[in-house]
>>> print(open('start_20.pdb').read())   # PDB, C-alpha atoms and all ligand atoms
MODEL        1
ATOM      1  CA  MET A 182     286.028 105.235 115.254  1.00  0.00           C
ATOM      2  CA  THR A 183     283.235 106.627 113.140  1.00  0.00           C
ATOM      3  CA  ALA A 184     284.144 110.232 113.818  1.00  0.00           C
ATOM      4  CA  ARG A 185     285.443 110.903 110.324  1.00  0.00           C
ATOM      5  CA  LEU A 186     282.452 109.312 108.629  1.00  0.00           C
ATOM      6  CA  PHE A 187     280.791 112.666 109.012  1.00  0.00           C
ATOM      7  CA  GLU A 188     281.352 116.266 110.085  1.00  0.00           C
ATOM      8  CA  CYS A 189     278.812 118.678 111.506  1.00  0.00           C
ATOM      9  CA  GLY A 190     278.325 122.376 111.824  1.00  0.00           C
ATOM     10  CA  LEU A 191     275.739 123.958 114.111  1.00  0.00           C
ATOM     11  CA  ALA A 192     274.623 127.572 114.473  1.00  0.00           C
ATOM     12  CA  ALA A 193     271.751 128.860 116.586  1.00  0.00           C
ATOM     13  CA  LEU A 194     270.158 131.993 117.978  1.00  0.00           C
ATOM     14  CA  THR A 195     267.611 132.438 120.751  1.00  0.00           C
ATOM     15  CA  HIS A 196     264.422 134.480 120.354  1.00  0.00           C
ATOM     16  CA  ARG A 197     265.010 138.121 121.263  1.00  0.00           C
ATOM     17  CA  GLY A 198     264.368 138.629 124.986  1.00  0.00           C
ATOM     18  CA  GLU A 199     264.486 134.926 125.898  1.00  0.00           C
ATOM     19  CA  THR A 200     267.284 133.105 127.677  1.00  0.00           C
ATOM     20  CA  GLU A 201     266.318 129.581 126.601  1.00  0.00           C
ATOM     21  CA  SER A 202     265.747 128.310 123.103  1.00  0.00           C
ATOM     22  CA  GLY A 203     263.029 125.864 122.062  1.00  0.00           C
ATOM     23  CA  ASP A 204     265.178 124.515 119.231  1.00  0.00           C
ATOM     24  CA  ARG A 205     267.346 121.418 119.716  1.00  0.00           C
ATOM     25  CA  HIS A 206     269.496 119.167 117.600  1.00  0.00           C
ATOM     26  CA  VAL A 207     270.511 115.537 117.936  1.00  0.00           C
ATOM     27  CA  VAL A 208     273.477 113.963 116.147  1.00  0.00           C
ATOM     28  CA  ALA A 209     274.305 110.479 117.392  1.00  0.00           C
ATOM     29  CA  SER A 210     276.035 107.570 115.747  1.00  0.00           C
ATOM     30  CA  PHE A 211     275.248 103.918 116.323  1.00  0.00           C
ATOM     31  CA  ASP A 212     276.731 100.680 114.993  1.00  0.00           C
ATOM     32  CA  ARG A 213     275.532 100.947 111.404  1.00  0.00           C
ATOM     33  CA  GLY A 214     274.629 104.575 111.050  1.00  0.00           C
ATOM     34  CA  ALA A 215     273.769 107.907 112.588  1.00  0.00           C
ATOM     35  CA  LEU A 216     270.660 109.808 113.581  1.00  0.00           C
ATOM     36  CA  VAL A 217     270.425 113.498 112.722  1.00  0.00           C
ATOM     37  CA  ALA A 218     267.465 115.531 113.939  1.00  0.00           C
ATOM     38  CA  VAL A 219     266.340 119.101 114.559  1.00  0.00           C
ATOM     39  CA  ILE A 220     263.430 119.899 116.859  1.00  0.00           C
ATOM     40  CA  ASP A 221     261.435 123.138 117.111  1.00  0.00           C
ATOM     41  CA  ALA A 222     259.067 123.155 120.085  1.00  0.00           C
ATOM     42  CA  LEU A 223     255.929 125.288 119.765  1.00  0.00           C
ATOM     43  CA  GLY A 224     256.331 128.881 120.863  1.00  0.00           C
ATOM     44  CA  HIS A 225     259.468 130.010 122.653  1.00  0.00           C
ATOM     45  CA  GLY A 226     260.906 130.463 126.125  1.00  0.00           C
ATOM     46  CA  ARG A 227     260.970 128.065 129.020  1.00  0.00           C
ATOM     47  CA  ASP A 228     258.037 125.775 128.189  1.00  0.00           C
ATOM     48  CA  ALA A 229     259.278 125.394 124.643  1.00  0.00           C
ATOM     49  CA  SER A 230     262.739 124.613 125.968  1.00  0.00           C
ATOM     50  CA  ARG A 231     261.339 121.865 128.194  1.00  0.00           C
ATOM     51  CA  ALA A 232     259.370 120.282 125.368  1.00  0.00           C
ATOM     52  CA  ALA A 233     262.443 120.375 123.143  1.00  0.00           C
ATOM     53  CA  ASP A 234     264.574 118.753 125.848  1.00  0.00           C
ATOM     54  CA  LEU A 235     262.037 115.983 126.215  1.00  0.00           C
ATOM     55  CA  ALA A 236     262.020 115.287 122.471  1.00  0.00           C
ATOM     56  CA  ALA A 237     265.822 115.306 122.298  1.00  0.00           C
ATOM     57  CA  GLU A 238     266.056 112.880 125.229  1.00  0.00           C
ATOM     58  CA  VAL A 239     263.638 110.444 123.638  1.00  0.00           C
ATOM     59  CA  LEU A 240     265.568 110.513 120.364  1.00  0.00           C
ATOM     60  CA  ALA A 241     268.929 110.146 122.109  1.00  0.00           C
ATOM     61  CA  ARG A 242     267.716 107.024 123.927  1.00  0.00           C
ATOM     62  CA  HIS A 243     266.641 105.280 120.719  1.00  0.00           C
ATOM     63  CA  VAL A 244     269.058 106.508 118.057  1.00  0.00           C
ATOM     64  CA  ASN A 245     269.145 103.254 116.109  1.00  0.00           C
ATOM     65  CA  GLU A 246     265.391 103.198 115.469  1.00  0.00           C
ATOM     66  CA  MET A 247     263.722 104.320 112.259  1.00  0.00           C
ATOM     67  CA  PRO A 248     262.285 107.857 112.037  1.00  0.00           C
ATOM     68  CA  ILE A 249     258.627 106.718 112.045  1.00  0.00           C
ATOM     69  CA  ASP A 250     259.151 104.791 115.279  1.00  0.00           C
ATOM     70  CA  LEU A 251     261.036 107.719 116.803  1.00  0.00           C
ATOM     71  CA  VAL A 252     258.258 110.178 115.976  1.00  0.00           C
ATOM     72  CA  GLU A 253     255.663 107.843 117.463  1.00  0.00           C
ATOM     73  CA  ARG A 254     257.741 107.472 120.632  1.00  0.00           C
ATOM     74  CA  CYS A 255     258.107 111.243 120.953  1.00  0.00           C
ATOM     75  CA  HIS A 256     254.400 111.737 120.267  1.00  0.00           C
ATOM     76  CA  SER A 257     253.353 109.461 123.130  1.00  0.00           C
ATOM     77  CA  GLU A 258     255.924 110.905 125.560  1.00  0.00           C
ATOM     78  CA  MET A 259     255.155 114.540 124.704  1.00  0.00           C
ATOM     79  CA  ARG A 260     251.389 114.582 125.229  1.00  0.00           C
ATOM     80  CA  ASP A 261     251.696 116.796 128.299  1.00  0.00           C
ATOM     81  CA  SER A 262     254.157 119.162 126.647  1.00  0.00           C
ATOM     82  CA  ARG A 263     253.749 122.022 124.200  1.00  0.00           C
ATOM     83  CA  GLY A 264     254.533 119.716 121.321  1.00  0.00           C
ATOM     84  CA  ALA A 265     257.087 120.231 118.594  1.00  0.00           C
ATOM     85  CA  ALA A 266     257.926 120.156 114.930  1.00  0.00           C
ATOM     86  CA  MET A 267     260.783 117.848 114.044  1.00  0.00           C
ATOM     87  CA  SER A 268     262.731 116.579 111.080  1.00  0.00           C
ATOM     88  CA  LEU A 269     264.768 113.409 111.351  1.00  0.00           C
ATOM     89  CA  ALA A 270     267.221 111.641 109.078  1.00  0.00           C
ATOM     90  CA  SER A 271     268.675 108.230 109.791  1.00  0.00           C
ATOM     91  CA  PHE A 272     271.887 107.474 107.880  1.00  0.00           C
ATOM     92  CA  ASP A 273     272.697 103.861 107.089  1.00  0.00           C
ATOM     93  CA  TRP A 274     276.389 103.465 106.241  1.00  0.00           C
ATOM     94  CA  LYS A 275     275.957 100.001 104.721  1.00  0.00           C
ATOM     95  CA  LEU A 276     273.107 100.957 102.429  1.00  0.00           C
ATOM     96  CA  SER A 277     274.667 104.372 101.704  1.00  0.00           C
ATOM     97  CA  ALA A 278     271.228 105.876 102.150  1.00  0.00           C
ATOM     98  CA  ILE A 279     269.184 108.047 104.454  1.00  0.00           C
ATOM     99  CA  THR A 280     265.630 107.573 105.622  1.00  0.00           C
ATOM    100  CA  TRP A 281     264.060 110.913 106.435  1.00  0.00           C
ATOM    101  CA  LEU A 282     260.781 112.245 107.748  1.00  0.00           C
ATOM    102  CA  ALA A 283     259.316 115.562 108.906  1.00  0.00           C
ATOM    103  CA  VAL A 284     256.372 116.549 111.084  1.00  0.00           C
ATOM    104  CA  GLY A 285     255.840 120.308 110.961  1.00  0.00           C
ATOM    105  CA  ASN A 286     258.080 122.852 109.357  1.00  0.00           C
ATOM    106  CA  VAL A 287     261.715 122.120 110.070  1.00  0.00           C
ATOM    107  CA  THR A 288     263.202 122.511 106.591  1.00  0.00           C
ATOM    108  CA  GLY A 289     265.402 119.697 105.308  1.00  0.00           C
ATOM    109  CA  VAL A 290     267.514 119.491 102.161  1.00  0.00           C
ATOM    110  CA  LEU A 291     270.035 116.968 100.904  1.00  0.00           C
ATOM    111  CA  VAL A 292     272.672 118.599  98.698  1.00  0.00           C
ATOM    112  CA  HIS A 293     274.466 116.132  96.460  1.00  0.00           C
ATOM    113  CA  ALA A 294     278.176 116.699  95.964  1.00  0.00           C
ATOM    114  CA  GLU A 295     278.212 115.110  92.505  1.00  0.00           C
ATOM    115  CA  ALA A 296     276.018 116.232  89.664  1.00  0.00           C
ATOM    116  CA  GLN A 297     273.596 113.402  88.942  1.00  0.00           C
ATOM    117  CA  ALA A 298     270.583 112.634  86.807  1.00  0.00           C
ATOM    118  CA  ASN A 299     268.254 113.743  89.587  1.00  0.00           C
ATOM    119  CA  ALA A 300     268.247 117.162  91.212  1.00  0.00           C
ATOM    120  CA  ARG A 301     271.342 118.417  93.014  1.00  0.00           C
ATOM    121  CA  VAL A 302     269.159 119.480  95.932  1.00  0.00           C
ATOM    122  CA  GLU A 303     266.421 117.210  97.251  1.00  0.00           C
ATOM    123  CA  SER A 304     263.890 118.625  99.695  1.00  0.00           C
ATOM    124  CA  LEU A 305     262.317 116.842 102.609  1.00  0.00           C
ATOM    125  CA  LEU A 306     258.527 116.774 102.325  1.00  0.00           C
ATOM    126  CA  LEU A 307     257.080 118.693 105.287  1.00  0.00           C
ATOM    127  CA  ARG A 308     253.779 117.333 106.550  1.00  0.00           C
ATOM    128  CA  SER A 309     251.793 119.533 108.865  1.00  0.00           C
ATOM    129  CA  GLY A 310     251.275 118.312 112.389  1.00  0.00           C
ATOM    130  CA  VAL A 311     252.630 118.708 115.899  1.00  0.00           C
ATOM    131  CA  VAL A 312     254.449 115.885 117.649  1.00  0.00           C
ATOM    132  CA  GLY A 313     252.718 115.440 121.013  1.00  0.00           C
ATOM    133  CA  TYR A 314     249.421 116.816 119.735  1.00  0.00           C
ATOM    134  CA  ARG A 315     248.458 115.651 116.250  1.00  0.00           C
ATOM    135  CA  LEU A 316     250.453 113.502 113.873  1.00  0.00           C
ATOM    136  CA  PRO A 317     249.958 113.392 110.126  1.00  0.00           C
ATOM    137  CA  GLU A 318     250.018 110.042 108.379  1.00  0.00           C
ATOM    138  CA  LEU A 319     253.674 109.074 108.637  1.00  0.00           C
ATOM    139  CA  HIS A 320     255.670 108.051 105.587  1.00  0.00           C
ATOM    140  CA  HIS A 321     259.402 108.128 105.344  1.00  0.00           C
ATOM    141  CA  SER A 322     261.436 108.053 102.203  1.00  0.00           C
ATOM    142  CA  LEU A 323     264.799 106.525 101.406  1.00  0.00           C
ATOM    143  CA  LEU A 324     267.445 108.399  99.414  1.00  0.00           C
ATOM    144  CA  PRO A 325     270.866 107.220  98.306  1.00  0.00           C
ATOM    145  CA  VAL A 326     273.778 109.286  99.620  1.00  0.00           C
ATOM    146  CA  SER A 327     277.336 109.538  98.360  1.00  0.00           C
ATOM    147  CA  ARG A 328     280.579 110.785  99.829  1.00  0.00           C
ATOM    148  CA  GLY A 329     280.489 114.550 100.238  1.00  0.00           C
ATOM    149  CA  ASP A 330     276.692 114.860 100.290  1.00  0.00           C
ATOM    150  CA  THR A 331     275.366 117.399 102.780  1.00  0.00           C
ATOM    151  CA  LEU A 332     272.164 117.312 104.816  1.00  0.00           C
ATOM    152  CA  ILE A 333     270.935 120.660 106.128  1.00  0.00           C
ATOM    153  CA  LEU A 334     268.125 120.990 108.680  1.00  0.00           C
ATOM    154  CA  ALA A 335     266.856 124.404 109.788  1.00  0.00           C
ATOM    155  CA  THR A 336     264.032 125.590 112.026  1.00  0.00           C
ATOM    156  CA  ASP A 337     261.538 128.198 110.836  1.00  0.00           C
ATOM    157  CA  GLY A 338     263.428 131.022 112.549  1.00  0.00           C
ATOM    158  CA  VAL A 339     265.642 130.662 109.490  1.00  0.00           C
ATOM    159  CA  CYS A 340     263.971 131.848 106.273  1.00  0.00           C
ATOM    160  CA  SER A 341     263.632 128.800 104.023  1.00  0.00           C
ATOM    161  CA  ASP A 342     264.883 130.844 101.057  1.00  0.00           C
ATOM    162  CA  PHE A 343     268.352 129.706 102.101  1.00  0.00           C
ATOM    163  CA  THR A 344     267.686 126.540 100.081  1.00  0.00           C
ATOM    164  CA  LYS A 345     267.676 128.581  96.866  1.00  0.00           C
ATOM    165  CA  MET A 346     271.204 129.870  97.395  1.00  0.00           C
ATOM    166  CA  LEU A 347     273.133 126.856  98.587  1.00  0.00           C
ATOM    167  CA  PRO A 348     276.884 126.846  98.073  1.00  0.00           C
ATOM    168  CA  SER A 349     278.235 123.744  96.360  1.00  0.00           C
ATOM    169  CA  ALA A 350     281.193 123.367  98.711  1.00  0.00           C
ATOM    170  CA  GLY A 351     282.554 124.596 102.003  1.00  0.00           C
ATOM    171  CA  GLU A 352     283.105 123.241 105.475  1.00  0.00           C
ATOM    172  CA  PRO A 353     279.983 122.500 107.536  1.00  0.00           C
ATOM    173  CA  GLN A 354     280.588 124.997 110.349  1.00  0.00           C
ATOM    174  CA  PRO A 355     281.170 128.087 108.192  1.00  0.00           C
ATOM    175  CA  MET A 356     278.201 126.996 106.075  1.00  0.00           C
ATOM    176  CA  ALA A 357     275.941 126.816 109.146  1.00  0.00           C
ATOM    177  CA  ASP A 358     277.214 130.188 110.406  1.00  0.00           C
ATOM    178  CA  ARG A 359     276.644 131.796 107.060  1.00  0.00           C
ATOM    179  CA  ILE A 360     273.099 130.473 106.602  1.00  0.00           C
ATOM    180  CA  LEU A 361     272.163 131.609 110.107  1.00  0.00           C
ATOM    181  CA  GLY A 362     273.798 135.005 109.613  1.00  0.00           C
ATOM    182  CA  ASP A 363     272.053 135.641 106.313  1.00  0.00           C
ATOM    183  CA  TYR A 364     268.605 134.130 106.953  1.00  0.00           C
ATOM    184  CA  ALA A 365     267.787 134.119 110.686  1.00  0.00           C
ATOM    185  CA  SER A 366     265.136 136.373 112.198  1.00  0.00           C
ATOM    186  CA  ARG A 367     265.377 137.335 115.877  1.00  0.00           C
ATOM    187  CA  ASP A 368     261.627 136.961 116.241  1.00  0.00           C
ATOM    188  CA  ASP A 369     261.919 133.212 116.705  1.00  0.00           C
ATOM    189  CA  ASP A 370     264.510 130.738 117.888  1.00  0.00           C
ATOM    190  CA  ALA A 371     266.678 129.795 114.927  1.00  0.00           C
ATOM    191  CA  MET A 372     268.905 126.771 114.315  1.00  0.00           C
ATOM    192  CA  VAL A 373     270.868 125.435 111.348  1.00  0.00           C
ATOM    193  CA  LEU A 374     272.498 122.009 111.380  1.00  0.00           C
ATOM    194  CA  VAL A 375     274.843 121.019 108.539  1.00  0.00           C
ATOM    195  CA  PHE A 376     275.804 117.345 108.330  1.00  0.00           C
ATOM    196  CA  ARG A 377     278.394 116.251 105.770  1.00  0.00           C
ATOM    197  CA  TYR A 378     278.736 112.573 104.884  1.00  0.00           C
ATOM    198  CA  ASN A 379     282.442 111.802 104.393  1.00  0.00           C
ATOM    199  CA  GLY A 380     282.606 108.197 103.475  1.00  0.00           C
ATOM    200  CA  PRO A 381     283.268 105.451 102.833  1.00  0.00           C
ATOM    201  CA  SER A 382     284.555 106.460  99.420  1.00  0.00           C
TER
HETATM  202 MN    MN B   1     260.207 128.209 115.307  1.00  0.00          MN
ENDMDL
END
>>> encode(input="start_20.pdb", output="structure tokens")
Amino acid sequence: MTARLFECGLAALTHRGETESGDRHVVASFDRGALVAVIDALGHGRDASRAADLAAEVLARHVNEMPIDLVERCHSEMRDSRGAAMSLASFDWKLSAITWLAVGNVTGVLVHAEAQANARVESLLLRSGVVGYRLPELHHSLLPVSRGDTLILATDGVCSDFTKMLPSAGEPQPMADRILGDYASRDDDAMVLVFRYNGPS
């Protein structure tokens, strides 16, 4: 029913020489919105993959909760893991807004489709910390979203310079492929998630 409310593109690469990635994404809708998250577990390889799975499972079980509560849940359930960086955005269809929050360095940008008084590209504030090990003081912020706006989340295996060269249009999947192709290093796991908000108009 809500499938056309948004479209996603995802592109990812695994660290050279590893078979499992420590990067994960979560996109899940619920009655009044959707949760979008990208996780980058510390390090790479199998232990990182396990920590990332754990984080993704916790988020998937509680998709309708606010980002601060989700980070706190992950933090308490990940104490025996490697820990992870994560950026989360919770879309609220009724409010036409997102609430977003980052712990660690998963880059997040919201690209507005329409030119507005404020910046076309808004950046998620990255606070240093590791979920499962040490949390920063948690604050989330609320941003209005309009039809056609695009949220992009990318792990640090993708050079954050991609945010300086964002295309104004394009389908989410080719956009994700292109960002990964142009900005990924093979010395880390790399993931790009592109989430386009389609409505209501
Ligand atoms: Mn990384």
>>> residues_near_ligand(input="start_20.pdb", ligand="ligand MN 1 (chain B)", cutoff="6 Å", atoms="all atoms listed in the file", output="PDB file with C-alpha atoms, in the coordinates of the input")
ATOM      1  CA  ASP A 221     261.435 123.138 117.111  1.00  0.00           C
ATOM      2  CA  THR A 336     264.032 125.590 112.026  1.00  0.00           C
ATOM      3  CA  ASP A 337     261.538 128.198 110.836  1.00  0.00           C
ATOM      4  CA  GLY A 338     263.428 131.022 112.549  1.00  0.00           C
ATOM      5  CA  ASP A 369     261.919 133.212 116.705  1.00  0.00           C
ATOM      6  CA  ASP A 370     264.510 130.738 117.888  1.00  0.00           C
TER       7      ASP A 370
END
>>> residues_around(input="start_20.pdb", residues="Pro317 of chain A", least_positions_apart="3", cutoff="12 Å", atoms="all atoms listed in the file", output="VMD selection string")
chain A and resid 249 252 to 253 256 266 282 to 285 307 to 314 320 to 321
>>> axis_aligned_box(input="start_20.pdb", around="segment 249-258 of chain A", padding_each_side="4 Å", output="AutoDock Vina command-line options")
--center_x 257.2 --center_y 108.3 --center_z 118.8 --size_x 15.7 --size_y 14.9 --size_z 21.5
>>> closest_residue(input="start_20.pdb", among="A:Ala365, A:Val208, A:Ala215, A:Leu323", to="Gly190 of chain A", atoms="only C-alpha atoms")
A:Val208
>>> resolve_selection(input="start_20.pdb", expression="the PyMOL selection byres (((chain A and resi 244) around 7) and not hetatm)", output="NGL selection string")
:A and (209 or 211 or 216 or 240-243 or 245-246)
>>> residues_around(input="start_20.pdb", residues="segment 348-357 of chain A", least_positions_apart="2", cutoff="8 Å", atoms="only C-alpha atoms", output="list in words")
Glu188, Cys189, Gly190, Leu191, Ala192, Val292, Ala294, Met346, Arg359, Ile360, Leu361, Val373, Leu374, Val375, Phe376 and Arg377 of chain A
>>> atom_distance(input="start_20.pdb", atom1="atom CA of Val239 of chain A", atom2="atom CA of Arg254 of chain A")
7.3 Å
>>> resolve_selection(input="start_20.pdb", expression="the PyMOL selection byres (((chain A and resi 218) around 6) and not hetatm)", output="CSV table (one decimal) with C-alpha atoms, in the frame of the given file")
chain,number,residue,atom,x,y,z
A,206,HIS,CA,269.5,119.2,117.6
A,207,VAL,CA,270.5,115.5,117.9
A,217,VAL,CA,270.4,113.5,112.7
A,219,VAL,CA,266.3,119.1,114.6
A,268,SER,CA,262.7,116.6,111.1
A,269,LEU,CA,264.8,113.4,111.4
>>> atom_distance(input="start_20.pdb", atom1="atom CA of Leu332 of chain A", atom2="atom CA of Glu318 of chain A")
23.6 Å
>>> atom_distance(input="start_20.pdb", atom1="atom CA of Leu324 of chain A", atom2="atom CA of Val339 of chain A")
24.5 Å
>>> residues_near_point(input="start_20.pdb", point="(267.5, 133.1, 126.6)", cutoff="12 Å", atoms="only C-alpha atoms", output="JSON list (two decimals) with C-alpha atoms, in the coordinates of the input")
[["chain", "number", "residue", "atom", "x", "y", "z"],
["A", 193, "ALA", "CA", 271.75, 128.86, 116.59],
["A", 194, "LEU", "CA", 270.16, 131.99, 117.98],
["A", 195, "THR", "CA", 267.61, 132.44, 120.75],
["A", 196, "HIS", "CA", 264.42, 134.48, 120.35],
["A", 197, "ARG", "CA", 265.01, 138.12, 121.26],
["A", 198, "GLY", "CA", 264.37, 138.63, 124.99],
["A", 199, "GLU", "CA", 264.49, 134.93, 125.90],
["A", 200, "THR", "CA", 267.28, 133.10, 127.68],
["A", 201, "GLU", "CA", 266.32, 129.58, 126.60],
["A", 202, "SER", "CA", 265.75, 128.31, 123.10],
["A", 203, "GLY", "CA", 263.03, 125.86, 122.06],
["A", 204, "ASP", "CA", 265.18, 124.52, 119.23],
["A", 225, "HIS", "CA", 259.47, 130.01, 122.65],
["A", 226, "GLY", "CA", 260.91, 130.46, 126.12],
["A", 227, "ARG", "CA", 260.97, 128.06, 129.02],
["A", 229, "ALA", "CA", 259.28, 125.39, 124.64],
["A", 230, "SER", "CA", 262.74, 124.61, 125.97],
["A", 367, "ARG", "CA", 265.38, 137.34, 115.88],
["A", 369, "ASP", "CA", 261.92, 133.21, 116.70],
["A", 370, "ASP", "CA", 264.51, 130.74, 117.89]]
>>> resolve_selection(input="start_20.pdb", expression="the PyMOL selection byres (((chain A and resi 330) around 8) and not hetatm)", output="count of residues only")
14
>>> closest_residue(input="start_20.pdb", among="A:Leu306, A:Ala300, A:Cys340, A:Ala237", to="Ala265 of chain A", atoms="only C-alpha atoms")
A:Ala237
>>> closest_residue(input="start_20.pdb", among="A:Arg213, A:Gly224, A:Ala335, A:Met247", to="Met267 of chain A", atoms="only C-alpha atoms")
A:Ala335
>>> closest_residue(input="start_20.pdb", among="A:Lys275, A:Arg263, A:Arg315, A:Arg205", to="Val287 of chain A", atoms="all atoms listed in the file")
A:Arg205
>>> closest_residue(input="start_20.pdb", among="A:Asn286, A:Ala270, A:Leu316, A:Asp358", to="Cys255 of chain A", atoms="all atoms listed in the file")
A:Leu316
>>> closest_residue(input="start_20.pdb", among="A:Ile220, A:Leu347, A:Ser322, A:Gly380", to="Arg185 of chain A", atoms="all atoms listed in the file")
A:Gly380
